[in-house]
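Data first, discussion second: the structure below is written as structure tokens.
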Amino acid sequence: MKILMIKKSGNKTLFWNIFDYQFKSPIIIVSGTVGMVGAREEHKLRFWERPKKFMQTLAAEKANQGYQLVEEKELKKVYIQYRYNEENEEEFEMTEDKSLMVEEIVEEELMYTGNGYAYGSEIGAGAGTSTFQVLDIEIAFNSIWKLLSEKKLTEGVEIAFKTDEGSYVSLYPKGVEFELV
């Protein structure tokens, strides 16, 4: 479960993000300014506490402080895609590994900078595609590009976002028509 909340403060957008990934794992709270790595806290639940109820209680407290819940429909979809030759099993496996790694590291970046989270990955039909839900496309692209560059994962990458009208805009390579595979 994930809850993302934001609050405008002058020309900045503050975020408060709470999530858990596994049953009985610590609840993680990250807060700060969207696009910058936030402060992280962990809460271990007692055996009788339920993660969903605990998270909703804390979110209600944040709402009382002026934070607003970010609904999924308010987020923009960003796609990171790597193509491969469908007839080459080795290329498929390399693309699958790369896509899953990209999904994991980009989700962590987005969650800790308050700019969104992973929506899922698909491998097949000649491409590995990871989809992310983000608040700010420009901030997301800049942090994704920096992360992929540091990890040497830019070769063959295609990055795009989906507009409200349903078309795709290529962020990298610029000016290329993006085709979701």
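We name chains A, B, ... following the order of the structure tokens; residues begin at 1 in each chain, and ligands are numbered from 1 as shown.
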Residues near Gly38 (chain A), anyone? I mean within 12 Å using only C-alpha atoms, not counting same-chain ones fewer than 3 positions away, as a PDB file with C-alpha atoms, in the first residue's frame.
ATOM      1  CA  LEU A  14       6.097  19.467  -0.129  1.00  0.00           C
ATOM      2  CA  PHE A  15       5.386  15.752  -0.041  1.00  0.00           C
ATOM      3  CA  TRP A  16       4.584  13.122   2.532  1.00  0.00           C
ATOM      4  CA  ASN A  17       4.789   9.540   1.332  1.00  0.00           C
ATOM      5  CA  ILE A  18       4.022   6.398   3.364  1.00  0.00           C
ATOM      6  CA  ILE A  28       8.353   3.702   5.631  1.00  0.00           C
ATOM      7  CA  ILE A  29       7.572   7.410   5.690  1.00  0.00           C
ATOM      8  CA  VAL A  30       9.451   9.868   3.501  1.00  0.00           C
ATOM      9  CA  SER A  31       8.831  13.609   3.539  1.00  0.00           C
ATOM     10  CA  GLY A  32      10.417  16.651   1.960  1.00  0.00           C
ATOM     11  CA  THR A  33      10.252  18.738  -1.213  1.00  0.00           C
ATOM     12  CA  VAL A  34       9.189  17.065  -4.477  1.00  0.00           C
ATOM     13  CA  GLY A  35      12.272  16.270  -6.557  1.00  0.00           C
ATOM     14  CA  GLU A  41      11.499   7.239   8.960  1.00  0.00           C
ATOM     15  CA  GLU A 108      13.042   3.899  -5.211  1.00  0.00           C
ATOM     16  CA  GLU A 109      14.168   7.249  -6.655  1.00  0.00           C
ATOM     17  CA  LEU A 110      10.593   8.412  -7.251  1.00  0.00           C
ATOM     18  CA  MET A 111       9.354   7.287  -3.838  1.00  0.00           C
ATOM     19  CA  TYR A 112      12.219   8.950  -1.974  1.00  0.00           C
ATOM     20  CA  THR A 113      11.841  12.209  -3.909  1.00  0.00           C
ATOM     21  CA  GLY A 114       8.040  12.271  -3.558  1.00  0.00           C
ATOM     22  CA  ASN A 115       7.453  12.224  -7.290  1.00  0.00           C
TER      23      ASN A 115
END
Test item, alpha helix (DSSP H) assignment across region 31-151 of chain A, answer as a ChimeraX atom specification: /A:51-64,89-112,137-150
Could you name the residues that touch Met55 (chain A) at 9 Å or less, counting only C-alpha atoms, but leaving out those on the same chain fewer than 2 positions away, as a VMD selection string? chain A and resid 1 to 3 18 to 19 27 50 to 53 57 to 60
Can you pull out every residue within 10 Å of Lys174 (chain A), counting only C-alpha atoms, but drop anything in the same chain fewer than 4 positions away, and send it as a list in words?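 Listing them by chain and then by number gives Glu158, Ile159, Ala160, Val169, Ser170 and Phe178 of chain A.
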Next, the residues of the selection above should be written as a PDB file, in the first residue's frame with all heavy atoms.
ATOM      1  N   GLU A 158      14.446   4.210 -24.371  1.00  0.00           N
ATOM      2  CA  GLU A 158      13.446   5.139 -24.881  1.00  0.00           C
ATOM      3  C   GLU A 158      12.616   5.565 -23.677  1.00  0.00           C
ATOM      4  O   GLU A 158      12.155   4.722 -22.907  1.00  0.00           O
ATOM      5  CB  GLU A 158      12.537   4.460 -25.904  1.00  0.00           C
ATOM      6  CG  GLU A 158      13.269   3.959 -27.132  1.00  0.00           C
ATOM      7  CD  GLU A 158      12.352   3.136 -28.033  1.00  0.00           C
ATOM      8  OE1 GLU A 158      11.138   3.398 -28.073  1.00  0.00           O
ATOM      9  OE2 GLU A 158      12.877   2.218 -28.671  1.00  0.00           O
ATOM     10  N   ILE A 159      12.426   6.887 -23.513  1.00  0.00           N
ATOM     11  CA  ILE A 159      11.651   7.406 -22.388  1.00  0.00           C
ATOM     12  C   ILE A 159      10.581   8.339 -22.953  1.00  0.00           C
ATOM     13  O   ILE A 159      10.878   9.205 -23.777  1.00  0.00           O
ATOM     14  CB  ILE A 159      12.544   8.169 -21.385  1.00  0.00           C
ATOM     15  CG1 ILE A 159      13.701   7.285 -20.914  1.00  0.00           C
ATOM     16  CG2 ILE A 159      11.721   8.660 -20.193  1.00  0.00           C
ATOM     17  CD1 ILE A 159      14.753   8.011 -20.088  1.00  0.00           C
ATOM     18  N   ALA A 160       9.343   8.148 -22.504  1.00  0.00           N
ATOM     19  CA  ALA A 160       8.240   8.973 -23.010  1.00  0.00           C
ATOM     20  C   ALA A 160       7.189   9.124 -21.915  1.00  0.00           C
ATOM     21  O   ALA A 160       7.212   8.419 -20.912  1.00  0.00           O
ATOM     22  CB  ALA A 160       7.621   8.325 -24.242  1.00  0.00           C
ATOM     23  N   VAL A 169       4.637  11.393 -25.921  1.00  0.00           N
ATOM     24  CA  VAL A 169       5.655  12.398 -26.216  1.00  0.00           C
ATOM     25  C   VAL A 169       6.995  11.819 -25.783  1.00  0.00           C
ATOM     26  O   VAL A 169       7.174  11.445 -24.622  1.00  0.00           O
ATOM     27  CB  VAL A 169       5.379  13.721 -25.459  1.00  0.00           C
ATOM     28  CG1 VAL A 169       6.511  14.712 -25.689  1.00  0.00           C
ATOM     29  CG2 VAL A 169       4.044  14.314 -25.888  1.00  0.00           C
ATOM     30  N   SER A 170       7.915  11.742 -26.734  1.00  0.00           N
ATOM     31  CA  SER A 170       9.236  11.199 -26.452  1.00  0.00           C
ATOM     32  C   SER A 170      10.081  12.222 -25.693  1.00  0.00           C
ATOM     33  O   SER A 170      10.218  13.361 -26.110  1.00  0.00           O
ATOM     34  CB  SER A 170       9.934  10.817 -27.756  1.00  0.00           C
ATOM     35  OG  SER A 170      11.207  10.289 -27.480  1.00  0.00           O
ATOM     36  N   PHE A 178       7.536   8.009 -30.313  1.00  0.00           N
ATOM     37  CA  PHE A 178       7.565   6.903 -29.360  1.00  0.00           C
ATOM     38  C   PHE A 178       6.416   5.947 -29.660  1.00  0.00           C
ATOM     39  O   PHE A 178       5.276   6.382 -29.859  1.00  0.00           O
ATOM     40  CB  PHE A 178       7.439   7.417 -27.928  1.00  0.00           C
ATOM     41  CG  PHE A 178       7.438   6.327 -26.889  1.00  0.00           C
ATOM     42  CD1 PHE A 178       8.638   5.775 -26.452  1.00  0.00           C
ATOM     43  CD2 PHE A 178       6.253   5.867 -26.352  1.00  0.00           C
ATOM     44  CE1 PHE A 178       8.649   4.788 -25.492  1.00  0.00           C
ATOM     45  CE2 PHE A 178       6.255   4.867 -25.390  1.00  0.00           C
ATOM     46  CZ  PHE A 178       7.451   4.321 -24.950  1.00  0.00           C
TER      47      PHE A 178
END
In terms of the shortest atom-to-atom distance over only C-alpha atoms, which of A:Ile6, A:Leu147, A:Leu45, A:Val176 is closest to Glu71 (chain A)?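 Between A:Ile6, A:Leu147, A:Leu45, A:Val176, the residue approaching Glu71 (chain A) most closely is A:Ile6.
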Neighbour list for Ser130 (chain A) as a PyMOL selection string, cut-off 8 Å, only C-alpha atoms, skip fewer than 5 positions in-chain: chain A and resi 79-81+99-100+102-103+118-122
For the selection just defined, write its residues with all heavy atoms to a file, as an mmCIF file, in the first residue's frame.
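Below you can see result-v3.cif, which holds the result:
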data_model
loop_
_atom_site.group_PDB
_atom_site.id
_atom_site.type_symbol
_atom_site.label_atom_id
_atom_site.label_comp_id
_atom_site.auth_asym_id
_atom_site.auth_seq_id
_atom_site.Cartn_x
_atom_site.Cartn_y
_atom_site.Cartn_z
ATOM 1 N N TYR A 79 7.073 6.189 -19.355
ATOM 2 C CA TYR A 79 7.480 4.862 -19.807
ATOM 3 C C TYR A 79 8.980 4.845 -20.064
ATOM 4 O O TYR A 79 9.519 5.758 -20.685
ATOM 5 C CB TYR A 79 6.754 4.494 -21.108
ATOM 6 C CG TYR A 79 5.257 4.516 -20.961
ATOM 7 C CD1 TYR A 79 4.535 5.681 -21.205
ATOM 8 C CD2 TYR A 79 4.570 3.376 -20.572
ATOM 9 C CE1 TYR A 79 3.151 5.705 -21.060
ATOM 10 C CE2 TYR A 79 3.194 3.398 -20.427
ATOM 11 C CZ TYR A 79 2.494 4.565 -20.668
ATOM 12 O OH TYR A 79 1.130 4.593 -20.522
ATOM 13 N N ILE A 80 9.627 3.776 -19.606
ATOM 14 C CA ILE A 80 11.034 3.528 -19.922
ATOM 15 C C ILE A 80 11.050 2.193 -20.656
ATOM 16 O O ILE A 80 10.608 1.172 -20.114
ATOM 17 C CB ILE A 80 11.909 3.463 -18.659
ATOM 18 C CG1 ILE A 80 11.822 4.774 -17.888
ATOM 19 C CG2 ILE A 80 13.360 3.133 -19.032
ATOM 20 C CD1 ILE A 80 12.563 4.773 -16.561
ATOM 21 N N GLN A 81 11.545 2.227 -21.894
ATOM 22 C CA GLN A 81 11.443 1.055 -22.755
ATOM 23 C C GLN A 81 12.796 0.702 -23.375
ATOM 24 O O GLN A 81 13.538 1.584 -23.792
ATOM 25 C CB GLN A 81 10.418 1.364 -23.853
ATOM 26 C CG GLN A 81 10.122 0.232 -24.788
ATOM 27 C CD GLN A 81 8.895 0.554 -25.624
ATOM 28 O OE1 GLN A 81 7.810 0.111 -25.322
ATOM 29 N NE2 GLN A 81 9.072 1.332 -26.690
ATOM 30 N N SER A 99 15.096 -4.357 -17.484
ATOM 31 C CA SER A 99 13.815 -3.704 -17.206
ATOM 32 C C SER A 99 13.413 -3.843 -15.742
ATOM 33 O O SER A 99 12.932 -2.882 -15.129
ATOM 34 C CB SER A 99 12.713 -4.276 -18.097
ATOM 35 O OG SER A 99 12.924 -3.902 -19.427
ATOM 36 N N LEU A 100 13.597 -5.019 -15.184
ATOM 37 C CA LEU A 100 13.238 -5.226 -13.781
ATOM 38 C C LEU A 100 14.146 -4.420 -12.855
ATOM 39 O O LEU A 100 13.685 -3.858 -11.854
ATOM 40 C CB LEU A 100 13.268 -6.714 -13.434
ATOM 41 C CG LEU A 100 12.200 -7.549 -14.148
ATOM 42 C CD1 LEU A 100 12.400 -9.028 -13.873
ATOM 43 C CD2 LEU A 100 10.796 -7.103 -13.765
ATOM 44 N N VAL A 102 15.669 -1.587 -13.708
ATOM 45 C CA VAL A 102 15.277 -0.190 -13.900
ATOM 46 C C VAL A 102 14.008 0.111 -13.111
ATOM 47 O O VAL A 102 13.905 1.146 -12.450
ATOM 48 C CB VAL A 102 15.115 0.132 -15.404
ATOM 49 C CG1 VAL A 102 14.362 1.427 -15.614
ATOM 50 C CG2 VAL A 102 16.478 0.186 -16.070
ATOM 51 N N GLU A 103 13.037 -0.791 -13.160
ATOM 52 C CA GLU A 103 11.804 -0.576 -12.391
ATOM 53 C C GLU A 103 12.112 -0.388 -10.911
ATOM 54 O O GLU A 103 11.606 0.536 -10.265
ATOM 55 C CB GLU A 103 10.844 -1.746 -12.574
ATOM 56 C CG GLU A 103 9.564 -1.571 -11.767
ATOM 57 C CD GLU A 103 8.619 -2.750 -11.841
ATOM 58 O OE1 GLU A 103 9.003 -3.834 -12.331
ATOM 59 O OE2 GLU A 103 7.479 -2.592 -11.387
ATOM 60 N N ALA A 118 6.295 3.141 -9.124
ATOM 61 C CA ALA A 118 6.203 2.219 -10.263
ATOM 62 C C ALA A 118 4.766 1.746 -10.442
ATOM 63 O O ALA A 118 4.036 1.540 -9.476
ATOM 64 C CB ALA A 118 7.124 1.018 -10.053
ATOM 65 N N TYR A 119 4.388 1.581 -11.685
ATOM 66 C CA TYR A 119 3.059 1.094 -12.035
ATOM 67 C C TYR A 119 3.142 -0.350 -12.534
ATOM 68 O O TYR A 119 2.155 -1.054 -12.545
ATOM 69 C CB TYR A 119 2.470 2.012 -13.100
ATOM 70 C CG TYR A 119 1.003 1.813 -13.358
ATOM 71 C CD1 TYR A 119 0.056 2.198 -12.420
ATOM 72 C CD2 TYR A 119 0.561 1.250 -14.555
ATOM 73 C CE1 TYR A 119 -1.302 2.034 -12.662
ATOM 74 C CE2 TYR A 119 -0.789 1.086 -14.803
ATOM 75 C CZ TYR A 119 -1.719 1.482 -13.864
ATOM 76 O OH TYR A 119 -3.053 1.313 -14.105
ATOM 77 N N GLY A 120 4.346 -0.769 -12.965
ATOM 78 C CA GLY A 120 4.539 -2.143 -13.409
ATOM 79 C C GLY A 120 5.467 -2.245 -14.596
ATOM 80 O O GLY A 120 5.866 -1.236 -15.177
ATOM 81 N N SER A 121 5.822 -3.477 -14.940
ATOM 82 C CA SER A 121 6.692 -3.747 -16.085
ATOM 83 C C SER A 121 6.097 -4.861 -16.925
ATOM 84 O O SER A 121 5.430 -5.755 -16.397
ATOM 85 C CB SER A 121 8.088 -4.177 -15.623
ATOM 86 O OG SER A 121 8.802 -3.091 -15.133
ATOM 87 N N GLU A 122 6.374 -4.782 -18.218
ATOM 88 C CA GLU A 122 5.977 -5.842 -19.142
ATOM 89 C C GLU A 122 7.154 -6.150 -20.050
ATOM 90 O O GLU A 122 7.825 -5.241 -20.528
ATOM 91 C CB GLU A 122 4.790 -5.401 -20.002
ATOM 92 C CG GLU A 122 3.500 -5.246 -19.235
ATOM 93 C CD GLU A 122 2.327 -4.916 -20.133
ATOM 94 O OE1 GLU A 122 2.313 -5.393 -21.293
ATOM 95 O OE2 GLU A 122 1.453 -4.181 -19.676
#
Select, from A:Glu42, A:Arg83, A:Asp97, A:Met5, the residue with the minimum atom-to-atom distance to Ala63 (chain A), counting only C-alpha atoms.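 That would be A:Met5, the residue with the smallest distance to Ala63 (chain A).
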Among region 38-133 of chain A, which residues does DSSP mark as strand (DSSP E or B) when it is run on the backbone? Keep the chain and numbering as in the structure and answer as a VMD selection string. chain A and resid 39 to 43 68 to 69 76 to 83 116 to 124 127 to 133
File dump, residues just selected, C-alpha atoms, as a CSV table (one decimal), in the first residue's frame:
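Saved as part_25.csv:
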chain,number,residue,atom,x,y,z
A,39,ALA,CA,13.9,12.5,5.2
A,40,ARG,CA,13.1,8.8,5.9
A,41,GLU,CA,11.5,7.2,9.0
A,42,GLU,CA,10.7,3.6,9.7
A,43,HIS,CA,7.9,2.4,11.9
A,68,GLN,CA,-3.9,16.7,0.1
A,69,LEU,CA,-4.1,13.1,-1.0
A,76,LYS,CA,1.1,11.2,-15.4
A,77,LYS,CA,2.4,7.9,-16.9
A,78,VAL,CA,6.1,7.8,-17.8
A,79,TYR,CA,7.5,4.9,-19.8
A,80,ILE,CA,11.0,3.5,-19.9
A,81,GLN,CA,11.4,1.1,-22.8
A,82,TYR,CA,14.2,-1.1,-24.1
A,83,ARG,CA,13.8,-3.0,-27.4
A,116,GLY,CA,5.6,9.0,-7.8
A,117,TYR,CA,6.0,5.2,-8.0
A,118,ALA,CA,6.2,2.2,-10.3
A,119,TYR,CA,3.1,1.1,-12.0
A,120,GLY,CA,4.5,-2.1,-13.4
A,121,SER,CA,6.7,-3.7,-16.1
A,122,GLU,CA,6.0,-5.8,-19.1
A,123,ILE,CA,8.4,-7.9,-21.2
A,124,GLY,CA,7.5,-9.3,-24.6
A,127,ALA,CA,10.4,-4.7,-25.7
A,128,GLY,CA,10.8,-4.4,-22.0
A,129,THR,CA,8.7,-1.5,-20.7
A,130,SER,CA,8.5,-0.2,-17.2
A,131,THR,CA,5.7,2.2,-16.4
A,132,PHE,CA,5.7,4.9,-13.6
A,133,GLN,CA,3.1,7.2,-12.2
Please, what distance in Å, to one decimal, runs between CA of Thr154 (chain A) and CA of Met94 (chain A)? 14.2 Å
With distances taken over only C-alpha atoms, which of A:Gln56, A:Ala140, A:Tyr172, A:Val106 is nearest to Glu155 (chain A)? A:Tyr172
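Of note, CA of Asp164 (chain A) and CA of Val181 (chain A) are spaced 19.3 Å apart.
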Quick one: of A:Trp145, A:Asn88, A:Lys152, A:Gly126, who's nearest to Glu179 (chain A), counting only C-alpha atoms?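 Comparing A:Trp145, A:Asn88, A:Lys152, A:Gly126 against Glu179 (chain A), the winner is A:Gly126.
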